[in-house]
Each structure stands twice: as structure tokens, then as C-alpha cells.
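What follows is a single structure, written as C-alpha cells, with notes after it.
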Amino acid sequence: MAIWSWDPLDEVEALRRQVERAFEGFGRWDRPYTRFAFLPGASARTYPLLNIGEDHDNIYVEALAPGLNPDTLEISVLDNTLRIAGEKPPISEDIRPEAFHRNERSAGKFVRTTALPVAVDSAKVAAEYKSGLLRLTLPKAEEAKPKQIEVKVG
Amino acid sequence: MKESTVPAKREQQVPDTREQTRSLVPPVDIFESKEGLVVVADLPGADKSDVDVRVENDTLTLQATAKSGLPIDPLLREYELHNYHRQFQLGETVDQEKIKAEMKHGVLVINLPKKEAAKPRKITVKTE
């Protein structure tokens, strides 16, 4: 069983997500949050968006973060808390604001922390940044791996 | 540059087949540079080979397929990767022969240079 640190705001966030899921696909497609849900500006507190999966040995985390400067990425794991920080640089520094016809992509620094379901071996975490997706493989700590229990037939 | 919300009509070469209709509209930046226009689109999960940029009847079409790198189905899912699709109408000033595109870290950059005749020309004023 996973023990999560309890945060009342997490509950609010979970409720918001449930409500959003209930309305998913409803209404016009050009609604801002359905179109640009993965932007730092549109969802400032949860950037980057994460998909998390697990199997027997590992936890896999994938973050939706195109156009990052890979050198700015800072990833750390403490107990079961994962922290991802980095910067998405603007496409070019010397563009005058009036030169933009459209400016929908955002840029800036971000930090996101998330609780992992089990403790992981922080020394063996592997990270890969490919085609705008950041993929982490976090091996579970030895004591956190599920143990197979043999059933004796009497 | 105008965005086309109604897909541009294309001549049918193959009979209608079922297509994946759900697609994401990728966020773009469009700005003027010295040479012309630059279109920048975020296409996370799409590789260079997954991206299809084409110009037909003065319409610029961006299309891409995105793949997740996760080996298993995620338990917590905050986003889903779909196909990307977006179209823009090009003005007459764009030199369609010289359009170039490049892809890096899931960001597509398309350079649309202007025709020579459409570029601003500086005229020096002489004083007597």
C-alpha cells in the first residue's frame, strides 16, 4: 500500500480533475484548455503534465515538455518525492513584441514536484529527453518491490 | 496569416477511408523576421519523420503523429498524445519555393521567406 503525504490542496486538485474529466470532449474543441492544455501559461501550477506508470521493478514517468533546454533540467528524488525543474527558453530573445502575429507557446522556468507511489532507488534513476518528451525510469527500492507469496495447497 | 478552421478541399485520389478524426491543435508562434515569417509549433512526441508539412493551394498544413515513449499503459494519465493538425492560409508575399522546416526537441520551426518584391526597400533621401 502506498502512503501519500496528505495535502488538502491535492484533494481539491483531484476534484477539479474529476470534474474536468466529466466534461471532457464536451463543448467546442477550440476551448482554451482543451486546445493548449500542455502549456506553462495555461496550466501554470501543473507544468509539465505527467503520465506515470509502473511495473514490477520500475516506475515510469513521462513529462510533456517540448522545446526545453536539456542543460537546465534538474531532476531529483527524495524518498518518494520527485522534483522536476527546468527552463523552456523563448524561441529567440530579440524578437520585438509587435513582430508577433500569434504567440501561443509560452516560455519560462518551471518546477513540479509529485509524490511517487513507492520509494525508489534514487541512485539508479535514468532520464532521457527525446522529441519533446522527458522520460524517467525509476527503479523501485528493494524493500518496496512486491513479494510473491506462495500458496500452499493442503 | 490567417488560420483556416475549415479544412481545405483536396482532390480525392483514393476512396474515402476512415481516418482518426480526433486531433490536437498544436500551439504556435508566428512572427515576422527580416526574411519573412517564422512559424513555430510545439509538437511533443513527434519525431522528425512523423511530421508532415505541406503547401497546397496557398494553404500551409502541419500534420504530425505523436508516440508515447512509455513501455506500459500509465496508471496516472494527465495527457494523451493524439495526432496534430493545423492549417494556415499563406499570403501572396510568401515565396513558396523557399519554405524550410526544421525540428528539434519536439518543436517545429518553419521559415517562410518573403518574395523579393515584397520585401521593404529603404530609399535614401538626398539633400541638395
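Order determines the names: the first chain of the C-alpha cells is A, the second B, and so forth; residues in each chain are numbered 1 upward, and ligands are numbered 1 upward as they are shown.
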Q.
I need the residues of stretch 25-149 of chain A that end up classed as alpha helix (DSSP H) by DSSP on the backbone, written out as a list in words.
A.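 Put together, the selection reads Pro32, Tyr33, Thr34 and Arg35 of chain A.
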Q: Pull out every residue of chain B sitting within 8 Å of chain A, counting only C-alpha atoms, and send them as a PyMOL selection string.
A: chain B and resi 1+24-33+41-47+69-70+72-79+104-107
Can I get the selection written as a compact mmCIF listing (two decimals), in the first residue's frame, with N, CA and C atoms?
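Now in part.txt:
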# COMPACT_ATOMS: atom_id res chain seq x y z
N MET B 1 -1.18 36.26 -41.03
CA MET B 1 -1.50 34.97 -41.64
C MET B 1 -2.79 34.46 -41.02
N LEU B 24 -5.26 17.11 -32.10
CA LEU B 24 -4.95 18.25 -31.26
C LEU B 24 -4.51 19.41 -32.13
N VAL B 25 -4.86 20.60 -31.71
CA VAL B 25 -4.38 21.80 -32.38
C VAL B 25 -3.12 22.24 -31.65
N PRO B 26 -1.98 22.12 -32.27
CA PRO B 26 -0.76 22.48 -31.54
C PRO B 26 -0.64 24.00 -31.38
N PRO B 27 -0.12 24.46 -30.27
CA PRO B 27 0.09 25.90 -30.10
C PRO B 27 1.22 26.38 -31.01
N VAL B 28 1.03 27.54 -31.60
CA VAL B 28 2.06 28.07 -32.49
C VAL B 28 2.42 29.50 -32.14
N ASP B 29 3.63 29.87 -32.51
CA ASP B 29 4.05 31.27 -32.54
C ASP B 29 4.24 31.62 -34.00
N ILE B 30 3.77 32.78 -34.40
CA ILE B 30 4.06 33.27 -35.75
C ILE B 30 4.61 34.67 -35.60
N PHE B 31 5.78 34.89 -36.14
CA PHE B 31 6.33 36.24 -36.03
C PHE B 31 7.09 36.62 -37.30
N GLU B 32 7.27 37.91 -37.45
CA GLU B 32 7.99 38.44 -38.60
C GLU B 32 9.48 38.43 -38.31
N SER B 33 10.23 37.99 -39.30
CA SER B 33 11.68 38.12 -39.19
C SER B 33 12.14 38.99 -40.36
N ALA B 41 5.92 25.65 -33.92
CA ALA B 41 4.84 24.84 -33.36
C ALA B 41 5.40 23.82 -32.38
N ASP B 42 4.72 23.67 -31.26
CA ASP B 42 5.08 22.65 -30.27
C ASP B 42 4.41 21.34 -30.65
N LEU B 43 5.19 20.33 -30.95
CA LEU B 43 4.64 19.03 -31.30
C LEU B 43 5.31 17.95 -30.46
N PRO B 44 5.04 17.93 -29.15
CA PRO B 44 5.73 16.95 -28.31
C PRO B 44 5.36 15.53 -28.69
N GLY B 45 6.33 14.66 -28.68
CA GLY B 45 6.09 13.25 -29.00
C GLY B 45 6.25 12.93 -30.47
N ALA B 46 6.43 13.96 -31.28
CA ALA B 46 6.59 13.73 -32.71
C ALA B 46 8.06 13.83 -33.09
N ASP B 47 8.49 12.89 -33.87
CA ASP B 47 9.85 12.87 -34.35
C ASP B 47 9.91 13.59 -35.70
N GLY B 69 6.58 7.38 -25.20
CA GLY B 69 7.75 6.54 -25.01
C GLY B 69 7.59 5.56 -23.86
N LEU B 70 6.42 5.57 -23.22
CA LEU B 70 6.25 4.70 -22.07
C LEU B 70 6.09 3.24 -22.51
N ILE B 72 4.63 0.89 -20.90
CA ILE B 72 3.38 0.31 -20.41
C ILE B 72 2.31 1.38 -20.37
N ASP B 73 1.08 0.96 -20.16
CA ASP B 73 -0.02 1.91 -20.03
C ASP B 73 0.11 2.65 -18.70
N PRO B 74 0.05 3.97 -18.73
CA PRO B 74 0.20 4.69 -17.46
C PRO B 74 -1.01 4.51 -16.54
N LEU B 75 -0.73 4.55 -15.24
CA LEU B 75 -1.81 4.48 -14.25
C LEU B 75 -2.40 5.86 -14.01
N LEU B 76 -1.53 6.84 -13.99
CA LEU B 76 -1.97 8.23 -13.87
C LEU B 76 -1.76 8.89 -15.22
N ARG B 77 -2.83 9.43 -15.78
CA ARG B 77 -2.74 9.98 -17.13
C ARG B 77 -3.21 11.42 -17.10
N GLU B 78 -2.29 12.33 -17.32
CA GLU B 78 -2.67 13.74 -17.35
C GLU B 78 -2.78 14.26 -18.78
N TYR B 79 -2.21 13.55 -19.70
CA TYR B 79 -2.33 13.99 -21.10
C TYR B 79 -2.40 12.76 -21.98
N LYS B 104 13.35 20.21 -33.69
CA LYS B 104 14.29 19.93 -32.60
C LYS B 104 13.54 19.85 -31.29
N HIS B 105 13.77 18.82 -30.52
CA HIS B 105 13.15 18.64 -29.21
C HIS B 105 11.63 18.82 -29.26
N GLY B 106 11.00 18.31 -30.31
CA GLY B 106 9.56 18.41 -30.39
C GLY B 106 9.03 19.77 -30.79
N VAL B 107 9.92 20.65 -31.26
CA VAL B 107 9.49 21.97 -31.70
C VAL B 107 9.80 22.11 -33.18
Q. In Å, how far is it from atom CA of A:Thr114 to atom CA of A:Asn58?
A.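 Atom CA of A:Thr114 sits 16.3 Å away from atom CA of A:Asn58.
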**Q.** B:Leu81, B:Val53, B:Ala117, B:Ala64 ranked by distance to B:Ala101, top pick (using only C-alpha atoms)
**A.** B:Val53
